[in-house]
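What follows is a set of notes on a single structure, which appears directly below.
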Amino acid sequence: MKKGFKFLIFIMIAAMLLSGCSNEKNVAINQKEETVAKEENKEPVEINLQGGDWGYPSPYTHYSRGPGIFKMRLIFDSLLERGEEGLIPWLAESWDISDDGRLYTFKIRQGVKWQDGEPMTAEDVKFSFEYYSKYPPVSDDLGISENNYIEKIEVVDENIIKIQVNEPNATLLERFGTARIIPKHIWSDVDDPTKFTDSKAVIGCGPYILTDYNEEQGAYRFEAFKDYWGPKQKVDVIKFVPVSDSLLAFENGEIDLTGITPDVLSKYENTPQYKVLESPAYWGYKLALNMEKRPEFKDKNLRQALAYAIDKEELVEKVARGAARVGSAGYLPVEHIWYNKNIKQYDFDIDKAKKLLDNKTYNFTLLTGDSNPELRIAELMKINFEKAGINIEVKSVDSKSRDAAIKNGDYEMALNGYGGWGGDPDMLREQYRSKNREKTIFSGIPGYSNEKINKLCEEQLHEMNEEKRKEIVFELQEEIAEEIPQIPIYNTTGYVVFRPEKYDGWKHVFNHHEVTHNKISYLEME
Amino acid sequence: MKKEKLKFSSFSNSGKIAILFMILLIFMAIFSPYICPHPYNLPSGSPFESPNRVHWFGTDDLGIDLFSQICYGARISLSVGISAALIAGIGGGILGILAGYYGGIVDKLIMRIVDIMIVLPDLPMMIILGAFFGPSIKNIIFVLAFFSWTGPARIIRSKVLSMKKENYILVAESYGAGFGYLLFKHFIPEILPILMVTIIKLTSKAIVAEAGLAFLGLGDPTSKSWGLILNHAINFRGIYFTDFWKWWVMTPLIAIIFLVLSIAIISRDLEKILNEKL
């Protein structure tokens with residue numbers, strides 16, 4: 001009998017291991033919630049958010065996805081900032097663009113200090129832009145390392161800077177406005193910025209100072225910068241803590257904000273203790289096709305067949321649980337201000353897909369990350385692709401390996417999800433024009449080149465008239481939808497929930513879906 | 001040394017139930033295409049139907065019938081478990097016999113490898129190898145076998161060592177019996193029952209390990225093994241704040257527990273019966 005007992009115990013342990021620690025955590029929830037409630041209304045305001053390692057937050061060492069970028073941006077300010085409606089003056093008090101669109105004049109704010117006490121001047125701005133042309137940062141807003149459009153940067157006096165560019169370009173204000181300003185006195189003798197991980201590398205003039213970073217745990221701690229020039233910080237300490245399940249951690253009071261699915265929405269809606277915000281659909285999944293690796297994808301019929309064979313409605317309903325918008329074939333999501341609704345639609349239609357394939361069959365490998373939604377999307381896509389005669393082998397790896405494989409062009413088809421779909425329509429150029437050298441995780445279609453798309457991409461870039469540019473972008477979307485060189489699947493909306501008693505300042509900026517990823521959520525904006 | 005047939009009646013009551021359950025499960029696994037009313041890999045209902053007459057165990061997030069998934073998953077769990085255990089048992093057994101019979105340098109070499117394998121923590125290593133070789137059922141079987149052969153090797157070696165000192169072996173040897181003769185005439189009949197018990201034990205270990213690896217996301221992502229069903233269920237955001245876990249998490253979990261439990265009971269009974277005989 002003793003043996004039997006041992007087995008029983010063994011099995012129980014195995015069962016407990018398998019079922020996770022969920023039960024224990026459930027018990028702990030109620031106790032912790034009470035203590036959190038009591039601790040409220042205490043100064044200073046300290047908020048905890050979901051952690052994870054997104055790299056050391058210097059402009060050269062953070063990881064190139066949203067959570068890495070915005071942590072760096074908490075430390076480093078830029079000339080302009082993203083507000084709720086559009087770009088707002090930040091380090092630049094005011095600016096002027098000449099009529100020919102080639103001269104930009106910025107008036108830099110006075111009395112701005114770096115976090116080490118040195119004053120920030122127009123010299124730093126000049127230095128930053130020049131430095132970026134030599135060493136492109138991870139989040140390369142300027143994009144001048146490949147093709148330097150800046151002819152001359154002139155510091156008129158301490159506060160005025162003039163930038164002369166070689167041709168008019170509709171995206172430049174945003175590019176100049178969002179490029180981070182780095183201190184000249186620190187970076188001027190740095191030759192290998194990607195290796196520069198000194199504590200000096202995270203001195204900026206932004207509202208928060210990095211006080212602690214733990215790579216292994218993925219924990220960060222940011223503290224308000226006392227001598228900050230700008231709006232007062234409403235949050236004194238921002239902490240990123242490691243959590244396993246964000247919803248459980250939120251219930252536990254370990255973090256103060258989390259994203260939720262519609263299934264649990266009813267639990268938080270209409271409860272005064274919680275507040276729910278719906279996010280705009282600026283985060284999306286797309287199916288990337290590597291035409292260098294598999295030249296078959298150069299066949300437009302195959303691409304259209306793939307687009308017809310994806311049941312996007314089903315994916316939205318099942319994987320996103322309804323909290324998403326079906327992706328637009330023209331890339332710009334349906335909630336984008338310049339979305340063209342008259343483009344070709346690819347409603348799910350297996351027969352059409354079969355007709356386009358003309359009885360040919362194909363075999364492809366589909367690379368995905370290992371998160372649940374990605375695997376589920378892959379699974380459902382596989383079922384329908386097979387009905388159309390396209391056999392898919394799903395290969396799932398962790399998300400960082402997936403990103404690396406995409407960057408190196410080491411895939412046939414890849415499922416990729418990322419944010420920023422609400423940005424300037426110039427992203428169409430980033431996505432669809434033919435590119436040879438530079439590849440990023442998010443954009444560029446290896447081996448694809450279409451003259452008309454290339455031409456329209458350039459035209460919209462240099463068109464300074466808003467109305468005319470809009471027309472070009474609309475035409476571009478039509479062209480892209482017809483060509484469908486990559487297939488947008490859906491753009492998630494989703495919800496975030498937080499406890500307003502703890503902190504109630506969360507806001508969306510005009511082009512981003514995450515309330516935590518912008519500066520104004522943490523600052524006292526009038 | 002008389003061979004006796006194993007009788008069903010010599011099992012304890014719990015053992016009988018366990019055997020019946022195993023037979024049922026094997027039956028389910030083999031004939032799953034015929035007994036399952038729904039496909040295991042295609043949606044057949046709306047997402048998250050609670051258990052009902054059409055979908056006996058309910059459906060998952062994609063609307064795929066869970067009963068069919070469990071039936072089909074039994075195939076994977078059983079085939080992974082049994083083949084990994086067979087490879088490990090037979091491979092380990094052969095190495096054990098070689099080590100025990102020849103002794104000397106062969107013995108030392110094999111036993112040092114065994115020592116190294118025992119020192120390696122197997123779960124972390126399995127996770128690394130699983131990640132390294134990429135997720136597929138073949139790799140999982142290979143990895144599991146690779147980490148389980150040491151047990152049978154050690155047991156068989158000690159058995160062979162003790163047998164070598166028995167008089168009848170010494171006599172046979174003095175009459176010029178070679179390794180092959182001894183192996184088939186004496187060693188294998190003697191070793192087989194022990195090996196069988198070890199293999200059965202390894203099976204349950206392999207099933208749990210496969211479920212564990214699949215649960216951690218190292219299984220074939222599109223297969224429908226029990227561990228993977230659990231993986232999908234638990235990684236569904238906020239599953240414990242919905243009702244879905246009641247059928248989505250519980251059915252694969254119960255299936256794993258019952259399977260492992262019945263294998264454990266069978267191997268316990270088998271050990272008892274064989275011990276009495278030896």
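Going by the structure tokens order, chains are called A, B, ..., each with residues numbered from 1, while ligands are numbered from 1 in the order shown.
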Could you list, as a PyMOL selection string, the residues of chain B having an atom within 8 Å of chain A when counting only C-alpha atoms?
-> chain B and resi 42+47+61-62+135+208+212+215+217+221-222+232+235-238+241-242+253+257+260-261+264-265+268
Might you pull out every residue within 9 Å of Leu259 in chain B, with only C-alpha atoms counted and same-chain residues fewer than 6 positions away left off, and present them as a VMD selection string?
-> chain B and resid 18 21 to 22 25 204 207
Need the shell around Ile35 in chain B: protein/DNA/RNA residues with any atom at most 9 Å away, counting only C-alpha atoms. Skip same-chain ones fewer than 6 positions apart. Format as a short mmCIF file (atom, residue, chain, number, x, y, z; two decimals) with N, CA, C and O atoms, in the first residue's frame?
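Output file selection-v9.cif is given in full below:
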data_model
loop_
_atom_site.label_atom_id
_atom_site.label_comp_id
_atom_site.auth_asym_id
_atom_site.auth_seq_id
_atom_site.Cartn_x
_atom_site.Cartn_y
_atom_site.Cartn_z
N MET B 28 -10.29 4.06 -27.67
CA MET B 28 -10.65 5.42 -28.08
C MET B 28 -9.60 6.01 -29.01
O MET B 28 -9.91 6.67 -30.01
N SER B 68 -13.48 15.15 -29.22
CA SER B 68 -12.67 14.63 -30.32
C SER B 68 -11.19 14.94 -30.08
O SER B 68 -10.33 14.12 -30.37
N CYS B 71 -9.89 12.47 -27.57
CA CYS B 71 -9.71 11.15 -28.18
C CYS B 71 -8.45 11.13 -29.02
O CYS B 71 -7.62 10.22 -28.93
#
Give me the residues within 12 Å of Glu118 in chain A as a PyMOL selection string, counting only C-alpha atoms and dropping any in the same chain fewer than 2 places off.
-> chain A and resi 111-116+120-121+124+183-186+203-205+227
Please run DSSP on the backbone and report, as an MDAnalysis selection string, all residues within range 97-253 of chain B that come out as helix (DSSP H, G or I).
-> chainID B and resid 97:102 104:119 122:133 137:146 150:164 167:174 179:215 226:235 239:241 245:248 250:253
